[in-house]
>>> print(open('upload-v5.pdb').read())   # PDB, C-alpha atoms
ATOM      1  CA  ASP A 599      37.467 -22.649   7.522  1.00  0.00           C
ATOM      2  CA  GLY A 600      38.633 -26.068   6.380  1.00  0.00           C
ATOM      3  CA  GLY A 601      41.519 -27.589   8.179  1.00  0.00           C
ATOM      4  CA  ILE A 602      42.908 -29.972  10.739  1.00  0.00           C
ATOM      5  CA  THR A 603      42.372 -29.300  14.415  1.00  0.00           C
ATOM      6  CA  GLN A 604      44.527 -30.885  17.074  1.00  0.00           C
ATOM      7  CA  SER A 605      43.906 -30.664  20.789  1.00  0.00           C
ATOM      8  CA  PRO A 606      45.223 -30.038  23.286  1.00  0.00           C
ATOM      9  CA  LYS A 607      48.115 -27.862  22.160  1.00  0.00           C
ATOM     10  CA  TYR A 608      50.059 -28.658  25.342  1.00  0.00           C
ATOM     11  CA  LEU A 609      49.649 -31.702  27.542  1.00  0.00           C
ATOM     12  CA  PHE A 610      51.465 -32.920  30.602  1.00  0.00           C
ATOM     13  CA  ARG A 611      51.336 -36.565  31.567  1.00  0.00           C
ATOM     14  CA  LYS A 612      52.416 -38.367  34.646  1.00  0.00           C
ATOM     15  CA  GLU A 613      54.389 -41.529  34.163  1.00  0.00           C
ATOM     16  CA  GLY A 614      52.128 -44.550  33.901  1.00  0.00           C
ATOM     17  CA  GLN A 615      49.173 -42.640  32.527  1.00  0.00           C
ATOM     18  CA  ASN A 616      47.549 -42.992  29.141  1.00  0.00           C
ATOM     19  CA  VAL A 617      46.695 -39.814  27.274  1.00  0.00           C
ATOM     20  CA  THR A 618      44.709 -39.226  24.114  1.00  0.00           C
ATOM     21  CA  LEU A 619      45.448 -36.581  21.517  1.00  0.00           C
ATOM     22  CA  SER A 620      42.549 -35.442  19.409  1.00  0.00           C
ATOM     23  CA  CYS A 621      42.664 -34.854  15.654  1.00  0.00           C
ATOM     24  CA  GLU A 622      39.689 -33.683  13.629  1.00  0.00           C
ATOM     25  CA  GLN A 623      39.608 -32.682   9.951  1.00  0.00           C
ATOM     26  CA  ASN A 624      36.863 -31.130   7.857  1.00  0.00           C
ATOM     27  CA  LEU A 625      38.688 -31.431   4.546  1.00  0.00           C
ATOM     28  CA  ASN A 626      36.827 -34.599   3.567  1.00  0.00           C
ATOM     29  CA  HIS A 627      40.166 -36.389   3.295  1.00  0.00           C
ATOM     30  CA  ASP A 628      40.233 -40.183   3.253  1.00  0.00           C
ATOM     31  CA  ALA A 629      43.707 -40.671   4.692  1.00  0.00           C
ATOM     32  CA  MET A 630      44.955 -39.516   8.069  1.00  0.00           C
ATOM     33  CA  TYR A 631      48.339 -39.770   9.740  1.00  0.00           C
ATOM     34  CA  TRP A 632      50.122 -39.318  13.039  1.00  0.00           C
ATOM     35  CA  TYR A 633      53.760 -38.263  13.111  1.00  0.00           C
ATOM     36  CA  ARG A 634      56.128 -37.787  16.001  1.00  0.00           C
ATOM     37  CA  GLN A 635      58.853 -35.149  15.988  1.00  0.00           C
ATOM     38  CA  ASP A 636      61.617 -35.013  18.572  1.00  0.00           C
ATOM     39  CA  PRO A 637      63.602 -31.780  19.104  1.00  0.00           C
ATOM     40  CA  GLY A 638      65.895 -31.144  16.180  1.00  0.00           C
ATOM     41  CA  GLN A 639      64.688 -34.248  14.396  1.00  0.00           C
ATOM     42  CA  GLY A 640      62.582 -35.094  11.390  1.00  0.00           C
ATOM     43  CA  LEU A 641      59.138 -36.641  11.293  1.00  0.00           C
ATOM     44  CA  ARG A 642      58.532 -40.280  12.072  1.00  0.00           C
ATOM     45  CA  LEU A 643      55.294 -42.018  11.169  1.00  0.00           C
ATOM     46  CA  ILE A 644      53.385 -43.594  14.057  1.00  0.00           C
ATOM     47  CA  TYR A 645      50.126 -44.766  12.481  1.00  0.00           C
ATOM     48  CA  TYR A 646      48.117 -44.057   9.372  1.00  0.00           C
ATOM     49  CA  SER A 647      44.623 -44.753   8.143  1.00  0.00           C
ATOM     50  CA  GLN A 648      43.459 -44.803   4.543  1.00  0.00           C
ATOM     51  CA  ILE A 649      39.758 -45.400   5.237  1.00  0.00           C
ATOM     52  CA  VAL A 650      37.335 -45.542   8.122  1.00  0.00           C
ATOM     53  CA  ASN A 651      37.697 -48.546  10.428  1.00  0.00           C
ATOM     54  CA  ASP A 652      41.124 -49.362   9.053  1.00  0.00           C
ATOM     55  CA  PHE A 653      44.586 -48.284  10.129  1.00  0.00           C
ATOM     56  CA  GLN A 654      48.162 -49.460   9.770  1.00  0.00           C
ATOM     57  CA  LYS A 655      51.282 -49.242  11.897  1.00  0.00           C
ATOM     58  CA  GLY A 656      53.965 -46.857  10.846  1.00  0.00           C
ATOM     59  CA  ASP A 657      57.628 -46.953  11.740  1.00  0.00           C
ATOM     60  CA  ILE A 658      57.289 -46.350  15.485  1.00  0.00           C
ATOM     61  CA  ALA A 659      53.875 -47.700  16.528  1.00  0.00           C
ATOM     62  CA  GLU A 660      54.945 -49.395  19.766  1.00  0.00           C
ATOM     63  CA  GLY A 661      53.326 -47.792  22.786  1.00  0.00           C
ATOM     64  CA  TYR A 662      50.668 -46.031  20.729  1.00  0.00           C
ATOM     65  CA  SER A 663      47.133 -46.877  19.652  1.00  0.00           C
ATOM     66  CA  VAL A 664      44.614 -45.263  17.314  1.00  0.00           C
ATOM     67  CA  SER A 665      41.041 -45.600  16.129  1.00  0.00           C
ATOM     68  CA  ARG A 666      39.233 -44.438  13.006  1.00  0.00           C
ATOM     69  CA  GLU A 667      35.528 -44.707  13.689  1.00  0.00           C
ATOM     70  CA  LYS A 668      34.674 -41.595  11.706  1.00  0.00           C
ATOM     71  CA  LYS A 669      36.221 -40.148   8.578  1.00  0.00           C
ATOM     72  CA  GLU A 670      36.795 -36.842  10.327  1.00  0.00           C
ATOM     73  CA  SER A 671      38.485 -38.141  13.443  1.00  0.00           C
ATOM     74  CA  PHE A 672      41.743 -39.996  14.141  1.00  0.00           C
ATOM     75  CA  PRO A 673      42.632 -39.862  17.859  1.00  0.00           C
ATOM     76  CA  LEU A 674      46.004 -41.052  19.097  1.00  0.00           C
ATOM     77  CA  THR A 675      46.453 -42.647  22.512  1.00  0.00           C
ATOM     78  CA  VAL A 676      49.895 -42.579  24.034  1.00  0.00           C
ATOM     79  CA  THR A 677      49.958 -45.503  26.435  1.00  0.00           C
ATOM     80  CA  SER A 678      52.092 -46.144  29.488  1.00  0.00           C
ATOM     81  CA  ALA A 679      54.002 -48.640  27.358  1.00  0.00           C
ATOM     82  CA  GLN A 680      55.586 -45.794  25.439  1.00  0.00           C
ATOM     83  CA  LYS A 681      58.796 -45.293  27.393  1.00  0.00           C
ATOM     84  CA  ASN A 682      59.819 -41.924  26.026  1.00  0.00           C
ATOM     85  CA  PRO A 683      56.651 -40.098  25.005  1.00  0.00           C
ATOM     86  CA  THR A 684      57.846 -36.513  25.419  1.00  0.00           C
ATOM     87  CA  ALA A 685      57.685 -35.093  21.881  1.00  0.00           C
ATOM     88  CA  PHE A 686      55.783 -32.964  19.417  1.00  0.00           C
ATOM     89  CA  TYR A 687      52.915 -34.828  17.728  1.00  0.00           C
ATOM     90  CA  LEU A 688      51.571 -33.873  14.340  1.00  0.00           C
ATOM     91  CA  CYS A 689      48.343 -35.052  12.780  1.00  0.00           C
ATOM     92  CA  ALA A 690      47.920 -34.865   9.020  1.00  0.00           C
ATOM     93  CA  SER A 691      45.556 -35.834   6.236  1.00  0.00           C
ATOM     94  CA  ASP A 692      45.341 -36.121   2.468  1.00  0.00           C
ATOM     95  CA  THR A 693      43.016 -37.339  -0.261  1.00  0.00           C
ATOM     96  CA  GLY A 694      45.127 -40.298  -1.266  1.00  0.00           C
ATOM     97  CA  SER A 695      48.399 -41.564  -2.589  1.00  0.00           C
ATOM     98  CA  GLY A 696      50.759 -38.951  -3.856  1.00  0.00           C
ATOM     99  CA  ASN A 697      48.598 -36.031  -2.920  1.00  0.00           C
ATOM    100  CA  THR A 698      49.618 -33.212  -0.667  1.00  0.00           C
ATOM    101  CA  ILE A 699      49.558 -33.945   3.040  1.00  0.00           C
ATOM    102  CA  TYR A 700      48.192 -31.131   5.188  1.00  0.00           C
ATOM    103  CA  PHE A 701      49.097 -30.798   8.840  1.00  0.00           C
ATOM    104  CA  GLY A 702      47.487 -29.668  12.038  1.00  0.00           C
ATOM    105  CA  GLU A 703      49.204 -27.282  14.410  1.00  0.00           C
ATOM    106  CA  GLY A 704      50.622 -30.057  16.543  1.00  0.00           C
ATOM    107  CA  SER A 705      50.443 -31.093  20.186  1.00  0.00           C
ATOM    108  CA  TRP A 706      53.289 -30.895  22.675  1.00  0.00           C
ATOM    109  CA  LEU A 707      53.324 -33.804  25.123  1.00  0.00           C
ATOM    110  CA  THR A 708      55.546 -33.698  28.178  1.00  0.00           C
ATOM    111  CA  VAL A 709      55.929 -36.430  30.765  1.00  0.00           C
ATOM    112  CA  VAL A 710      56.384 -35.107  34.278  1.00  0.00           C
TER     113      VAL A 710
ATOM    114  CA  ALA B 151      63.233 -48.305  -0.986  1.00  0.00           C
ATOM    115  CA  GLN B 152      62.352 -44.702  -0.319  1.00  0.00           C
ATOM    116  CA  LYS B 153      64.840 -42.292   1.131  1.00  0.00           C
ATOM    117  CA  VAL B 154      65.144 -38.533   1.409  1.00  0.00           C
ATOM    118  CA  THR B 155      68.437 -36.928   2.372  1.00  0.00           C
ATOM    119  CA  GLN B 156      68.834 -33.343   3.464  1.00  0.00           C
ATOM    120  CA  ALA B 157      72.539 -33.161   4.133  1.00  0.00           C
ATOM    121  CA  GLN B 158      72.484 -29.622   5.495  1.00  0.00           C
ATOM    122  CA  THR B 159      71.462 -29.712   9.146  1.00  0.00           C
ATOM    123  CA  GLU B 160      71.647 -25.956   9.721  1.00  0.00           C
ATOM    124  CA  ILE B 161      72.332 -22.972   7.502  1.00  0.00           C
ATOM    125  CA  SER B 162      72.901 -19.429   8.663  1.00  0.00           C
ATOM    126  CA  VAL B 163      72.753 -16.449   6.315  1.00  0.00           C
ATOM    127  CA  VAL B 164      72.476 -12.712   6.545  1.00  0.00           C
ATOM    128  CA  GLU B 165      69.316 -11.057   5.355  1.00  0.00           C
ATOM    129  CA  LYS B 166      69.168 -10.458   1.591  1.00  0.00           C
ATOM    130  CA  GLU B 167      71.523 -13.303   0.828  1.00  0.00           C
ATOM    131  CA  ASP B 168      70.378 -16.094  -1.477  1.00  0.00           C
ATOM    132  CA  VAL B 169      70.325 -19.584   0.037  1.00  0.00           C
ATOM    133  CA  THR B 170      69.822 -23.044  -1.449  1.00  0.00           C
ATOM    134  CA  LEU B 171      68.528 -26.001   0.515  1.00  0.00           C
ATOM    135  CA  ASP B 172      69.519 -29.364  -0.901  1.00  0.00           C
ATOM    136  CA  CYS B 173      67.343 -32.447  -1.187  1.00  0.00           C
ATOM    137  CA  VAL B 174      68.381 -35.791  -2.648  1.00  0.00           C
ATOM    138  CA  TYR B 175      65.929 -38.648  -2.918  1.00  0.00           C
ATOM    139  CA  GLU B 176      65.929 -42.345  -3.700  1.00  0.00           C
ATOM    140  CA  THR B 177      63.081 -44.317  -5.203  1.00  0.00           C
ATOM    141  CA  ARG B 178      62.623 -47.312  -7.495  1.00  0.00           C
ATOM    142  CA  ASP B 179      59.351 -46.032  -8.863  1.00  0.00           C
ATOM    143  CA  THR B 180      58.893 -44.012 -12.025  1.00  0.00           C
ATOM    144  CA  THR B 181      55.857 -42.217 -10.666  1.00  0.00           C
ATOM    145  CA  TYR B 182      56.411 -40.231  -7.521  1.00  0.00           C
ATOM    146  CA  TYR B 183      55.813 -36.848  -5.939  1.00  0.00           C
ATOM    147  CA  LEU B 184      58.180 -34.498  -4.211  1.00  0.00           C
ATOM    148  CA  PHE B 185      57.271 -31.858  -1.656  1.00  0.00           C
ATOM    149  CA  TRP B 186      58.732 -29.045   0.358  1.00  0.00           C
ATOM    150  CA  TYR B 187      57.292 -27.918   3.679  1.00  0.00           C
ATOM    151  CA  LYS B 188      58.187 -25.059   5.984  1.00  0.00           C
ATOM    152  CA  GLN B 189      57.988 -25.427   9.762  1.00  0.00           C
ATOM    153  CA  PRO B 190      58.113 -22.050  11.533  1.00  0.00           C
ATOM    154  CA  PRO B 191      58.697 -21.845  15.294  1.00  0.00           C
ATOM    155  CA  SER B 192      54.967 -22.265  15.906  1.00  0.00           C
ATOM    156  CA  GLY B 193      55.335 -25.892  14.819  1.00  0.00           C
ATOM    157  CA  GLU B 194      52.772 -26.378  12.068  1.00  0.00           C
ATOM    158  CA  LEU B 195      54.138 -27.671   8.771  1.00  0.00           C
ATOM    159  CA  VAL B 196      53.182 -25.388   5.913  1.00  0.00           C
ATOM    160  CA  PHE B 197      52.975 -26.826   2.416  1.00  0.00           C
ATOM    161  CA  LEU B 198      55.134 -25.012  -0.148  1.00  0.00           C
ATOM    162  CA  ILE B 199      55.220 -27.084  -3.310  1.00  0.00           C
ATOM    163  CA  ARG B 200      54.346 -30.432  -4.858  1.00  0.00           C
ATOM    164  CA  ARG B 201      56.032 -31.697  -7.997  1.00  0.00           C
ATOM    165  CA  ASN B 202      55.373 -34.927  -9.874  1.00  0.00           C
ATOM    166  CA  SER B 203      58.132 -37.031 -11.388  1.00  0.00           C
ATOM    167  CA  PHE B 204      57.107 -36.280 -14.973  1.00  0.00           C
ATOM    168  CA  ASP B 205      57.430 -32.553 -14.667  1.00  0.00           C
ATOM    169  CA  GLU B 206      61.032 -31.402 -14.492  1.00  0.00           C
ATOM    170  CA  GLN B 207      60.258 -27.819 -15.243  1.00  0.00           C
ATOM    171  CA  ASN B 208      61.664 -25.512 -12.619  1.00  0.00           C
ATOM    172  CA  GLU B 209      59.198 -23.432 -10.690  1.00  0.00           C
ATOM    173  CA  ILE B 210      59.359 -19.945  -9.271  1.00  0.00           C
ATOM    174  CA  SER B 211      56.997 -18.448  -6.758  1.00  0.00           C
ATOM    175  CA  GLY B 212      58.007 -14.998  -5.634  1.00  0.00           C
ATOM    176  CA  ARG B 213      61.350 -15.306  -3.862  1.00  0.00           C
ATOM    177  CA  TYR B 214      61.120 -19.094  -3.857  1.00  0.00           C
ATOM    178  CA  SER B 215      62.331 -21.348  -6.651  1.00  0.00           C
ATOM    179  CA  TRP B 216      62.749 -25.070  -7.047  1.00  0.00           C
ATOM    180  CA  ASN B 217      65.164 -27.003  -9.231  1.00  0.00           C
ATOM    181  CA  PHE B 218      64.110 -30.569  -9.986  1.00  0.00           C
ATOM    182  CA  GLN B 219      66.716 -32.763 -11.697  1.00  0.00           C
ATOM    183  CA  LYS B 220      65.885 -36.422 -12.177  1.00  0.00           C
ATOM    184  CA  SER B 221      69.375 -37.162 -13.477  1.00  0.00           C
ATOM    185  CA  THR B 222      70.810 -36.403 -10.050  1.00  0.00           C
ATOM    186  CA  SER B 223      67.675 -37.282  -8.039  1.00  0.00           C
ATOM    187  CA  SER B 224      67.631 -33.839  -6.542  1.00  0.00           C
ATOM    188  CA  PHE B 225      64.920 -31.337  -5.732  1.00  0.00           C
ATOM    189  CA  ASN B 226      66.656 -28.242  -4.415  1.00  0.00           C
ATOM    190  CA  PHE B 227      64.973 -25.173  -2.983  1.00  0.00           C
ATOM    191  CA  THR B 228      66.355 -21.648  -3.327  1.00  0.00           C
ATOM    192  CA  ILE B 229      65.267 -18.578  -1.419  1.00  0.00           C
ATOM    193  CA  THR B 230      66.317 -15.359  -3.098  1.00  0.00           C
ATOM    194  CA  ALA B 231      66.966 -12.251  -1.027  1.00  0.00           C
ATOM    195  CA  SER B 232      66.263 -14.044   2.228  1.00  0.00           C
ATOM    196  CA  GLN B 233      64.325 -12.361   5.013  1.00  0.00           C
ATOM    197  CA  VAL B 234      64.193 -12.910   8.757  1.00  0.00           C
ATOM    198  CA  VAL B 235      60.702 -14.373   8.357  1.00  0.00           C
ATOM    199  CA  ASP B 236      62.222 -17.175   6.301  1.00  0.00           C
ATOM    200  CA  SER B 237      63.845 -18.539   9.447  1.00  0.00           C
ATOM    201  CA  ALA B 238      62.361 -21.978   9.933  1.00  0.00           C
ATOM    202  CA  VAL B 239      62.978 -25.673   9.457  1.00  0.00           C
ATOM    203  CA  TYR B 240      62.413 -26.836   5.894  1.00  0.00           C
ATOM    204  CA  PHE B 241      61.496 -30.414   5.060  1.00  0.00           C
ATOM    205  CA  CYS B 242      61.737 -32.197   1.757  1.00  0.00           C
ATOM    206  CA  ALA B 243      59.425 -35.202   1.281  1.00  0.00           C
ATOM    207  CA  LEU B 244      58.814 -38.033  -1.188  1.00  0.00           C
ATOM    208  CA  SER B 245      55.667 -40.010  -1.959  1.00  0.00           C
ATOM    209  CA  ASP B 246      55.817 -43.101  -4.202  1.00  0.00           C
ATOM    210  CA  LEU B 247      52.532 -43.478  -6.008  1.00  0.00           C
ATOM    211  CA  ASN B 248      53.154 -46.958  -7.448  1.00  0.00           C
ATOM    212  CA  THR B 249      53.917 -48.521  -4.115  1.00  0.00           C
ATOM    213  CA  GLY B 250      50.837 -47.173  -2.475  1.00  0.00           C
ATOM    214  CA  GLY B 251      52.071 -43.716  -1.759  1.00  0.00           C
ATOM    215  CA  PHE B 252      50.045 -43.511   1.375  1.00  0.00           C
ATOM    216  CA  LYS B 253      53.205 -43.211   3.415  1.00  0.00           C
ATOM    217  CA  THR B 254      55.123 -40.063   2.649  1.00  0.00           C
ATOM    218  CA  ILE B 255      58.782 -40.069   3.675  1.00  0.00           C
ATOM    219  CA  PHE B 256      60.318 -36.900   5.087  1.00  0.00           C
ATOM    220  CA  GLY B 257      63.917 -35.820   5.198  1.00  0.00           C
ATOM    221  CA  ALA B 258      65.495 -34.837   8.504  1.00  0.00           C
ATOM    222  CA  GLY B 259      65.001 -31.156   7.755  1.00  0.00           C
ATOM    223  CA  THR B 260      67.289 -28.152   7.343  1.00  0.00           C
ATOM    224  CA  ARG B 261      67.128 -25.401   9.925  1.00  0.00           C
ATOM    225  CA  LEU B 262      67.589 -21.984   8.308  1.00  0.00           C
ATOM    226  CA  PHE B 263      68.632 -18.963  10.354  1.00  0.00           C
ATOM    227  CA  VAL B 264      68.338 -15.599   8.647  1.00  0.00           C
ATOM    228  CA  LYS B 265      70.033 -12.826  10.586  1.00  0.00           C
ATOM    229  CA  ALA B 266      69.007  -9.199  10.270  1.00  0.00           C
TER     230      ALA B 266
END
>>> encode(input="upload-v5.pdb", output="structure tokens")
Amino acid sequence: DGGITQSPKYLFRKEGQNVTLSCEQNLNHDAMYWYRQDPGQGLRLIYYSQIVNDFQKGDIAEGYSVSREKKESFPLTVTSAQKNPTAFYLCASDTGSGNTIYFGEGSWLTVV
Amino acid sequence: AQKVTQAQTEISVVEKEDVTLDCVYETRDTTYYLFWYKQPPSGELVFLIRRNSFDEQNEISGRYSWNFQKSTSSFNFTITASQVVDSAVYFCALSDLNTGGFKTIFGAGTRLFVKA
């Protein structure tokens, strides 16, 4: 089935550690996105990528990093510089401007 | 500048009641797209509808209907005869095509509780 796969679903991180969230899509979409959602809040854009080997900062990029080496993959690294990383992270993709964004199932990150 | 406002933070209804979720948007562009998504407790956002700025015709899909009015910059969502399974957070979103459109803006969401 076509879709967006995020892993892991749940992740616990010790303070000071970097963690990487995986996002893979087989929809042949050019654009990919990472959003952060805090409890009871809306979605905030972290990073996005329109094509391979290119990505742009979103509204809350500090403390995060991404790569886009393959069209299908857009991993997100939450670095130790991110002071409050506990949140729900959603990966998404679409075919281009104005088209429908489709989402993965999300990853819960908790700092312990 | 883009902006999406969902003024209703939470709504609680009893099963079989009709409920309308409000969405007001701001954009300077003449070409844009509006969306509604549903986020059930599992967390994944489920796409419900996409409407372009040139099509103001209202749409009905089963118990769901959408009212798009450019004059008031609103794109409201009505659930008729609500069911417990409709309980979720609903997000309205806006994508401006002329300004790149690659960054879709989401409203803060409306949490809907449907009681049996």
>>> interface_residues(input="upload-v5.pdb", of="chain B", to="chain A", cutoff="10 Å", atoms="only C-alpha atoms", output="mmCIF file with C-alpha atoms, in the coordinates of the input")
data_model
loop_
_atom_site.group_PDB
_atom_site.id
_atom_site.type_symbol
_atom_site.label_atom_id
_atom_site.label_comp_id
_atom_site.auth_asym_id
_atom_site.auth_seq_id
_atom_site.Cartn_x
_atom_site.Cartn_y
_atom_site.Cartn_z
ATOM 1 C CA THR B 159 71.462 -29.712 9.146
ATOM 2 C CA THR B 181 55.857 -42.217 -10.666
ATOM 3 C CA TYR B 182 56.411 -40.231 -7.521
ATOM 4 C CA TYR B 183 55.813 -36.848 -5.939
ATOM 5 C CA LEU B 184 58.180 -34.498 -4.211
ATOM 6 C CA PHE B 185 57.271 -31.858 -1.656
ATOM 7 C CA TYR B 187 57.292 -27.918 3.679
ATOM 8 C CA SER B 192 54.967 -22.265 15.906
ATOM 9 C CA GLY B 193 55.335 -25.892 14.819
ATOM 10 C CA GLU B 194 52.772 -26.378 12.068
ATOM 11 C CA LEU B 195 54.138 -27.671 8.771
ATOM 12 C CA VAL B 196 53.182 -25.388 5.913
ATOM 13 C CA PHE B 197 52.975 -26.826 2.416
ATOM 14 C CA LEU B 198 55.134 -25.012 -0.148
ATOM 15 C CA ILE B 199 55.220 -27.084 -3.310
ATOM 16 C CA ARG B 200 54.346 -30.432 -4.858
ATOM 17 C CA ARG B 201 56.032 -31.697 -7.997
ATOM 18 C CA ASN B 202 55.373 -34.927 -9.874
ATOM 19 C CA VAL B 239 62.978 -25.673 9.457
ATOM 20 C CA TYR B 240 62.413 -26.836 5.894
ATOM 21 C CA PHE B 241 61.496 -30.414 5.060
ATOM 22 C CA LEU B 244 58.814 -38.033 -1.188
ATOM 23 C CA SER B 245 55.667 -40.010 -1.959
ATOM 24 C CA ASP B 246 55.817 -43.101 -4.202
ATOM 25 C CA LEU B 247 52.532 -43.478 -6.008
ATOM 26 C CA ASN B 248 53.154 -46.958 -7.448
ATOM 27 C CA THR B 249 53.917 -48.521 -4.115
ATOM 28 C CA GLY B 250 50.837 -47.173 -2.475
ATOM 29 C CA GLY B 251 52.071 -43.716 -1.759
ATOM 30 C CA PHE B 252 50.045 -43.511 1.375
ATOM 31 C CA LYS B 253 53.205 -43.211 3.415
ATOM 32 C CA THR B 254 55.123 -40.063 2.649
ATOM 33 C CA ILE B 255 58.782 -40.069 3.675
ATOM 34 C CA PHE B 256 60.318 -36.900 5.087
ATOM 35 C CA GLY B 257 63.917 -35.820 5.198
ATOM 36 C CA ALA B 258 65.495 -34.837 8.504
ATOM 37 C CA GLY B 259 65.001 -31.156 7.755
ATOM 38 C CA THR B 260 67.289 -28.152 7.343
ATOM 39 C CA ARG B 261 67.128 -25.401 9.925
#
>>> residues_around(input="upload-v5.pdb", residues="segment 204-213 of chain B", least_positions_apart="3", cutoff="12 Å", atoms="only C-alpha atoms", output="number ranges by chain")
B: 166-170, 179-184, 198-201, 216-233, 236
>>> write_last_selection(input="upload-v5.pdb", atoms="C-alpha atoms", output="short mmCIF file (atom, residue, chain, number, x, y, z; two decimals), in the coordinates of the input")
data_model
loop_
_atom_site.label_atom_id
_atom_site.label_comp_id
_atom_site.auth_asym_id
_atom_site.auth_seq_id
_atom_site.Cartn_x
_atom_site.Cartn_y
_atom_site.Cartn_z
CA LYS B 166 69.17 -10.46 1.59
CA GLU B 167 71.52 -13.30 0.83
CA ASP B 168 70.38 -16.09 -1.48
CA VAL B 169 70.32 -19.58 0.04
CA THR B 170 69.82 -23.04 -1.45
CA ASP B 179 59.35 -46.03 -8.86
CA THR B 180 58.89 -44.01 -12.02
CA THR B 181 55.86 -42.22 -10.67
CA TYR B 182 56.41 -40.23 -7.52
CA TYR B 183 55.81 -36.85 -5.94
CA LEU B 184 58.18 -34.50 -4.21
CA LEU B 198 55.13 -25.01 -0.15
CA ILE B 199 55.22 -27.08 -3.31
CA ARG B 200 54.35 -30.43 -4.86
CA ARG B 201 56.03 -31.70 -8.00
CA TRP B 216 62.75 -25.07 -7.05
CA ASN B 217 65.16 -27.00 -9.23
CA PHE B 218 64.11 -30.57 -9.99
CA GLN B 219 66.72 -32.76 -11.70
CA LYS B 220 65.89 -36.42 -12.18
CA SER B 221 69.38 -37.16 -13.48
CA THR B 222 70.81 -36.40 -10.05
CA SER B 223 67.68 -37.28 -8.04
CA SER B 224 67.63 -33.84 -6.54
CA PHE B 225 64.92 -31.34 -5.73
CA ASN B 226 66.66 -28.24 -4.42
CA PHE B 227 64.97 -25.17 -2.98
CA THR B 228 66.36 -21.65 -3.33
CA ILE B 229 65.27 -18.58 -1.42
CA THR B 230 66.32 -15.36 -3.10
CA ALA B 231 66.97 -12.25 -1.03
CA SER B 232 66.26 -14.04 2.23
CA GLN B 233 64.32 -12.36 5.01
CA ASP B 236 62.22 -17.18 6.30
#
>>> atom_distance(input="upload-v5.pdb", atom1="atom CA of Thr708 of chain A", atom2="atom CA of Cys242 of chain B")
27.2 Å
>>> atom_distance(input="upload-v5.pdb", atom1="atom CA of Ala243 of chain B", atom2="atom CA of Thr177 of chain B")
11.8 Å
>>> axis_aligned_box(input="upload-v5.pdb", around="segment 662-676 of chain A", padding_each_side="4 Å", output="lines of an AutoDock Vina configuration file")
center_x = 42.7
center_y = -41.9
center_z = 16.3
size_x = 24.0
size_y = 18.0
size_z = 23.5
>>> resolve_selection(input="upload-v5.pdb", expression="the PyMOL selection byres ((chain A and resi 673) around 9)", output="list in words")
Thr618, Leu619, Ser620, Cys621, Glu622, Trp632, Ser663, Val664, Ser665, Arg666, Ser671, Phe672, Leu674 and Thr675 of chain A
>>> atom_distance(input="upload-v5.pdb", atom1="atom CA of Trp186 of chain B", atom2="atom CA of Cys173 of chain B")
9.4 Å
>>> closest_residue(input="upload-v5.pdb", among="A:Gly661, A:Gly601, A:Pro683, A:Pro606", to="Arg634 of chain A", atoms="all atoms listed in the file")
A:Pro683
>>> residues_around(input="upload-v5.pdb", residues="Glu660 of chain A", least_positions_apart="2", cutoff="7 Å", atoms="all atoms listed in the file", output="ChimeraX atom specification")
/A:658,662,680
>>> resolve_selection(input="upload-v5.pdb", expression="the PyMOL selection byres ((chain A and resi 681) around 12)", output="ChimeraX atom specification")
/A:612-616,660-662,676-680,682-685,709
>>> closest_residue(input="upload-v5.pdb", among="B:Val164, B:Val174, B:Lys153, B:Lys188", to="Ala238 of chain B", atoms="all atoms listed in the file")
B:Lys188
